[in-house]
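Peer 1: For reference, this is run.pdb, and it has PDB, C-alpha atoms.
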```
MODEL        1
ATOM      1  CA  MET A   1     -39.514   9.300   8.569  1.00  0.00           C
ATOM      2  CA  LEU A   2     -35.789   8.582   8.115  1.00  0.00           C
ATOM      3  CA  PRO A   3     -34.261   5.518   9.743  1.00  0.00           C
ATOM      4  CA  THR A   4     -32.087   6.336  12.753  1.00  0.00           C
ATOM      5  CA  SER A   5     -29.135   4.639  11.072  1.00  0.00           C
ATOM      6  CA  VAL A   6     -28.801   7.209   8.255  1.00  0.00           C
ATOM      7  CA  MET A   7     -25.109   7.970   7.931  1.00  0.00           C
ATOM      8  CA  LEU A   8     -23.812  11.419   7.036  1.00  0.00           C
ATOM      9  CA  LYS A   9     -21.628  11.566   3.936  1.00  0.00           C
ATOM     10  CA  CYS A  10     -18.541  13.708   3.438  1.00  0.00           C
ATOM     11  CA  PHE A  11     -17.169  14.436  -0.026  1.00  0.00           C
ATOM     12  CA  VAL A  12     -13.371  14.699   0.162  1.00  0.00           C
ATOM     13  CA  ALA A  13     -11.779  16.939  -2.466  1.00  0.00           C
ATOM     14  CA  SER A  14      -7.997  16.796  -2.735  1.00  0.00           C
ATOM     15  CA  ALA A  15      -5.074  16.326  -5.056  1.00  0.00           C
ATOM     16  CA  LEU A  16      -4.890  12.669  -6.054  1.00  0.00           C
ATOM     17  CA  ALA A  17      -1.844  10.391  -6.148  1.00  0.00           C
ATOM     18  CA  LYS A  18       0.248  12.657  -3.887  1.00  0.00           C
ATOM     19  CA  LYS A  19       1.884  10.677  -1.067  1.00  0.00           C
ATOM     20  CA  ASP A  20       1.514  13.386   1.570  1.00  0.00           C
ATOM     21  CA  VAL A  21      -2.137  14.149   0.776  1.00  0.00           C
ATOM     22  CA  ASP A  22      -2.968  10.427   0.564  1.00  0.00           C
ATOM     23  CA  ALA A  23      -1.322   9.888   3.973  1.00  0.00           C
ATOM     24  CA  VAL A  24      -3.426  12.661   5.522  1.00  0.00           C
ATOM     25  CA  PHE A  25      -6.548  11.088   4.035  1.00  0.00           C
ATOM     26  CA  ASP A  26      -5.641   7.553   5.164  1.00  0.00           C
ATOM     27  CA  LYS A  27      -4.293   8.438   8.624  1.00  0.00           C
ATOM     28  CA  THR A  28      -6.405  11.455   9.542  1.00  0.00           C
ATOM     29  CA  ILE A  29      -9.472  12.291   7.477  1.00  0.00           C
ATOM     30  CA  ARG A  30     -10.849   8.778   6.990  1.00  0.00           C
ATOM     31  CA  PRO A  31     -10.278   7.639  10.617  1.00  0.00           C
ATOM     32  CA  VAL A  32     -11.849  10.822  12.035  1.00  0.00           C
ATOM     33  CA  LEU A  33     -14.880  10.493   9.775  1.00  0.00           C
ATOM     34  CA  LYS A  34     -15.253   6.793  10.597  1.00  0.00           C
ATOM     35  CA  THR A  35     -15.183   7.445  14.377  1.00  0.00           C
ATOM     36  CA  LEU A  36     -17.915  10.047  13.852  1.00  0.00           C
ATOM     37  CA  LYS A  37     -19.870   7.493  11.754  1.00  0.00           C
ATOM     38  CA  ILE A  38     -19.543   9.658   8.640  1.00  0.00           C
ATOM     39  CA  GLN A  39     -18.970   7.973   5.280  1.00  0.00           C
ATOM     40  CA  PRO A  40     -15.998   9.443   3.354  1.00  0.00           C
ATOM     41  CA  LEU A  41     -16.581   9.896  -0.390  1.00  0.00           C
ATOM     42  CA  ARG A  42     -13.310  10.279  -2.307  1.00  0.00           C
ATOM     43  CA  VAL A  43     -13.709   9.501  -5.995  1.00  0.00           C
ATOM     44  CA  ASP A  44     -10.464   7.551  -6.397  1.00  0.00           C
ATOM     45  CA  ARG A  45     -11.375   5.302  -3.460  1.00  0.00           C
ATOM     46  CA  ILE A  46     -14.770   4.262  -4.821  1.00  0.00           C
ATOM     47  CA  GLU A  47     -15.172   1.540  -7.422  1.00  0.00           C
ATOM     48  CA  HIS A  48     -17.326   2.817 -10.265  1.00  0.00           C
ATOM     49  CA  ASN A  49     -17.831   2.518 -13.992  1.00  0.00           C
ATOM     50  CA  ASP A  50     -18.956   6.108 -14.535  1.00  0.00           C
ATOM     51  CA  ASP A  51     -17.319   9.011 -16.273  1.00  0.00           C
ATOM     52  CA  ILE A  52     -15.195  10.501 -13.462  1.00  0.00           C
ATOM     53  CA  ASP A  53     -16.711  13.991 -13.838  1.00  0.00           C
ATOM     54  CA  ASN A  54     -20.234  12.604 -13.571  1.00  0.00           C
ATOM     55  CA  LYS A  55     -19.232  10.487 -10.580  1.00  0.00           C
ATOM     56  CA  ILE A  56     -17.751  13.517  -8.783  1.00  0.00           C
ATOM     57  CA  LEU A  57     -20.887  15.577  -9.433  1.00  0.00           C
ATOM     58  CA  GLY A  58     -23.034  12.726  -8.139  1.00  0.00           C
ATOM     59  CA  LEU A  59     -20.945  12.393  -4.974  1.00  0.00           C
ATOM     60  CA  ILE A  60     -21.195  16.147  -4.405  1.00  0.00           C
ATOM     61  CA  GLU A  61     -24.977  15.958  -4.762  1.00  0.00           C
ATOM     62  CA  GLU A  62     -25.271  13.134  -2.226  1.00  0.00           C
ATOM     63  CA  CYS A  63     -22.821  14.507   0.360  1.00  0.00           C
ATOM     64  CA  ASP A  64     -23.833  16.420   3.476  1.00  0.00           C
ATOM     65  CA  PHE A  65     -20.591  18.411   3.643  1.00  0.00           C
ATOM     66  CA  CYS A  66     -17.083  18.515   2.177  1.00  0.00           C
ATOM     67  CA  VAL A  67     -13.499  18.402   3.387  1.00  0.00           C
ATOM     68  CA  ALA A  68     -11.375  20.214   0.795  1.00  0.00           C
ATOM     69  CA  ASP A  69      -7.593  19.909   1.023  1.00  0.00           C
ATOM     70  CA  LEU A  70      -6.178  22.872  -0.892  1.00  0.00           C
ATOM     71  CA  THR A  71      -2.641  21.461  -0.973  1.00  0.00           C
ATOM     72  CA  TYR A  72      -1.151  21.686  -4.504  1.00  0.00           C
ATOM     73  CA  ALA A  73      -3.843  24.230  -5.509  1.00  0.00           C
ATOM     74  CA  ARG A  74      -5.646  21.782  -7.782  1.00  0.00           C
ATOM     75  CA  PRO A  75      -8.271  23.679  -9.817  1.00  0.00           C
ATOM     76  CA  SER A  76     -10.619  20.709  -9.479  1.00  0.00           C
ATOM     77  CA  VAL A  77     -10.530  20.969  -5.674  1.00  0.00           C
ATOM     78  CA  TYR A  78     -11.441  24.651  -5.822  1.00  0.00           C
ATOM     79  CA  TYR A  79     -14.270  23.869  -8.259  1.00  0.00           C
ATOM     80  CA  GLU A  80     -15.595  20.974  -6.186  1.00  0.00           C
ATOM     81  CA  ALA A  81     -15.487  22.978  -2.934  1.00  0.00           C
ATOM     82  CA  GLY A  82     -17.268  25.842  -4.691  1.00  0.00           C
ATOM     83  CA  ARG A  83     -19.928  23.507  -6.023  1.00  0.00           C
ATOM     84  CA  VAL A  84     -20.563  22.078  -2.542  1.00  0.00           C
ATOM     85  CA  HIS A  85     -20.692  25.610  -1.115  1.00  0.00           C
ATOM     86  CA  GLY A  86     -23.090  26.666  -3.876  1.00  0.00           C
ATOM     87  CA  LEU A  87     -25.446  23.879  -2.819  1.00  0.00           C
ATOM     88  CA  GLY A  88     -25.556  25.437   0.654  1.00  0.00           C
ATOM     89  CA  LYS A  89     -23.488  22.676   2.248  1.00  0.00           C
ATOM     90  CA  PRO A  90     -20.572  23.325   4.634  1.00  0.00           C
ATOM     91  CA  VAL A  91     -16.957  23.050   3.466  1.00  0.00           C
ATOM     92  CA  VAL A  92     -14.050  22.379   5.840  1.00  0.00           C
ATOM     93  CA  PHE A  93     -10.736  23.598   4.384  1.00  0.00           C
ATOM     94  CA  MET A  94      -7.324  22.035   5.002  1.00  0.00           C
ATOM     95  CA  ALA A  95      -3.854  22.622   3.553  1.00  0.00           C
ATOM     96  CA  ARG A  96      -0.272  21.637   4.133  1.00  0.00           C
ATOM     97  CA  ARG A  97       1.236  24.348   6.328  1.00  0.00           C
ATOM     98  CA  ASP A  98       3.861  25.471   3.811  1.00  0.00           C
ATOM     99  CA  HIS A  99       1.126  26.285   1.267  1.00  0.00           C
ATOM    100  CA  LEU A 100      -0.033  29.304   3.266  1.00  0.00           C
ATOM    101  CA  LEU A 101       2.736  31.587   2.024  1.00  0.00           C
ATOM    102  CA  PRO A 102       3.892  32.137  -1.561  1.00  0.00           C
ATOM    103  CA  ARG A 103       7.395  30.942  -2.449  1.00  0.00           C
ATOM    104  CA  PRO A 104       9.660  32.677  -4.971  1.00  0.00           C
ATOM    105  CA  GLU A 105      10.449  29.392  -6.745  1.00  0.00           C
ATOM    106  CA  ASP A 106       6.736  28.659  -7.237  1.00  0.00           C
ATOM    107  CA  ILE A 107       6.400  30.510 -10.540  1.00  0.00           C
ATOM    108  CA  GLN A 108       3.131  28.784 -11.502  1.00  0.00           C
ATOM    109  CA  GLY A 109       1.534  29.412  -8.083  1.00  0.00           C
ATOM    110  CA  ASN A 110       0.749  25.753  -7.483  1.00  0.00           C
ATOM    111  CA  LEU A 111       2.209  25.565  -3.998  1.00  0.00           C
ATOM    112  CA  HIS A 112       0.131  28.163  -2.191  1.00  0.00           C
ATOM    113  CA  ILE A 113      -3.490  28.837  -1.398  1.00  0.00           C
ATOM    114  CA  HIS A 114      -5.086  31.368  -3.695  1.00  0.00           C
ATOM    115  CA  PHE A 115      -5.974  34.781  -2.283  1.00  0.00           C
ATOM    116  CA  ASP A 116      -9.740  34.262  -2.381  1.00  0.00           C
ATOM    117  CA  LEU A 117      -9.604  31.495   0.241  1.00  0.00           C
ATOM    118  CA  LYS A 118      -6.800  32.738   2.499  1.00  0.00           C
ATOM    119  CA  MET A 119      -9.319  34.405   4.816  1.00  0.00           C
ATOM    120  CA  LYS A 120     -11.038  31.070   5.562  1.00  0.00           C
ATOM    121  CA  ASN A 121     -10.365  29.094   8.717  1.00  0.00           C
ATOM    122  CA  ILE A 122      -7.969  26.580   7.156  1.00  0.00           C
ATOM    123  CA  ILE A 123      -6.802  23.577   9.145  1.00  0.00           C
ATOM    124  CA  LYS A 124      -3.033  23.510   8.680  1.00  0.00           C
ATOM    125  CA  TRP A 125      -1.053  20.295   8.602  1.00  0.00           C
ATOM    126  CA  LYS A 126       2.538  19.175   8.248  1.00  0.00           C
ATOM    127  CA  ALA A 127       1.908  15.425   8.448  1.00  0.00           C
ATOM    128  CA  PRO A 128      -0.712  13.097   9.897  1.00  0.00           C
ATOM    129  CA  SER A 129      -0.769  13.518  13.687  1.00  0.00           C
ATOM    130  CA  ALA A 130      -2.949  13.223  16.758  1.00  0.00           C
ATOM    131  CA  ALA A 131      -3.150  17.036  16.894  1.00  0.00           C
ATOM    132  CA  LEU A 132      -4.423  17.153  13.307  1.00  0.00           C
ATOM    133  CA  ARG A 133      -7.010  14.464  14.022  1.00  0.00           C
ATOM    134  CA  LYS A 134      -8.176  16.434  17.058  1.00  0.00           C
ATOM    135  CA  ARG A 135      -8.420  19.688  15.072  1.00  0.00           C
ATOM    136  CA  LEU A 136     -10.355  18.043  12.239  1.00  0.00           C
ATOM    137  CA  ARG A 137     -12.720  16.346  14.651  1.00  0.00           C
TER
ENDMDL
END
```
Could you render the structure as structure tokens?
Peer 2:
Amino acid sequence: MLPTSVMLKCFVASALAKKDVDAVFDKTIRPVLKTLKIQPLRVDRIEHNDDIDNKILGLIEECDFCVADLTYARPSVYYEAGRVHGLGKPVVFMARRDHLLPRPEDIQGNLHIHFDLKMKNIIKWKAPSAALRKRLR
């Protein structure tokens, strides 16, 4: 029998070291998860001595679900979300609002969501806000 104090764990996949994405994590994702008594697992916010790839795979294994921010179209975020999905765990998608449409100046395609995920229910954001916290909750 599991103790009643078992906390759910949420793996957070996102671009790292981007001010806007970090602000959404710090001011929206983490506070929402904490109020719901869910432990956020974001690899760059956990002290560890492991190979980063092994640490990410371990966090994915131990999580109950994932929040994947598709902003900046990081291949690692797509991979991590796919891995969580492949384990039969839910994935909640987010992205900065302006990443929903392609832009002519974005030759490499790094500033829009790829076609295979555009049909998902993606939580759009412009900046951390009470409305975003409510939508994520």
Peer 1: How far is it from atom CA of Ile46 of chain A to atom CA of Arg135 of chain A, in Å with one decimal?
Peer 2: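 Separating atom CA of Ile46 of chain A from atom CA of Arg135 of chain A is a distance of 26.0 Å.
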Peer 1: Residues within 7 Å of Arg97 of chain A, please, as a PyMOL selection string. Count only C-alpha atoms; anything in the same chain fewer than 6 positions from it doesn't count.
Peer 2: chain A and resi 124-126
Peer 1: For segment 120-125 of chain A, I'd like the enclosing box, axis-aligned and padded by 6 Å on every side, reported as JSON with centre and edge lengths in Å to one decimal.
Peer 2:
```
{"center_x": -6.0, "center_y": 25.7, "center_z": 7.4, "size_x": 22.0, "size_y": 22.8, "size_z": 15.6}
```
Peer 1: I'd like to know which of A:Ile107, A:Leu36, A:Ala13, A:Leu100 is closest to Val77 of chain A, using only C-alpha atoms.
Peer 2: A:Ala13
Peer 1: Pick out the residues sitting within 9 Å of Ser76 of chain A, and hand them over as number ranges by chain; count all atoms listed in the file, and ignore anything fewer than 2 positions along from it in its own chain.
Peer 2: A: 13-15, 73-74, 78-81
Peer 1: Write a file of the selected residues as a short mmCIF file (atom, residue, chain, number, x, y, z; two decimals), keeping the file's coordinate frame, keeping C-alpha atoms.
Peer 2:
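Heads up, here's the output in part_12.cif:
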```cif
data_model
loop_
_atom_site.label_atom_id
_atom_site.label_comp_id
_atom_site.auth_asym_id
_atom_site.auth_seq_id
_atom_site.Cartn_x
_atom_site.Cartn_y
_atom_site.Cartn_z
CA ALA A 13 -11.78 16.94 -2.47
CA SER A 14 -8.00 16.80 -2.74
CA ALA A 15 -5.07 16.33 -5.06
CA ALA A 73 -3.84 24.23 -5.51
CA ARG A 74 -5.65 21.78 -7.78
CA TYR A 78 -11.44 24.65 -5.82
CA TYR A 79 -14.27 23.87 -8.26
CA GLU A 80 -15.60 20.97 -6.19
CA ALA A 81 -15.49 22.98 -2.93
#
```
Peer 1: Compare A:Asp20, A:Thr28, A:Lys118, A:Gln108 by their minimum atom-to-atom distance to Val67 of chain A, counting only C-alpha atoms, and give me the closest one.
Peer 2: A:Thr28
Peer 1: Could you write out as a ChimeraX atom specification the residues that the PyMOL selection byres ((chain A and resi 25) around 12) matches in the shown file?
Peer 2: /A:11-24,26-34,40-42,44-45,67-69,94-95,125,127-129,132-133,136
Peer 1: Excluding Val6 of chain A and residues on its chain fewer than 5 positions from it, collect all residues at most 12 Å away from it, counting only C-alpha atoms, and give them as a list in words.
Peer 2: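 Listed by chain and then number, they are Met1, Lys37, Ile38, Gln39 and Asp64 of chain A.
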Peer 1: State, in Å with one decimal place, the distance from atom CA of Arg137 of chain A to atom CA of Lys9 of chain A.
Peer 2: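 Taking atom CA of Arg137 of chain A as the start and atom CA of Lys9 of chain A as the end point, the length is 14.7 Å.
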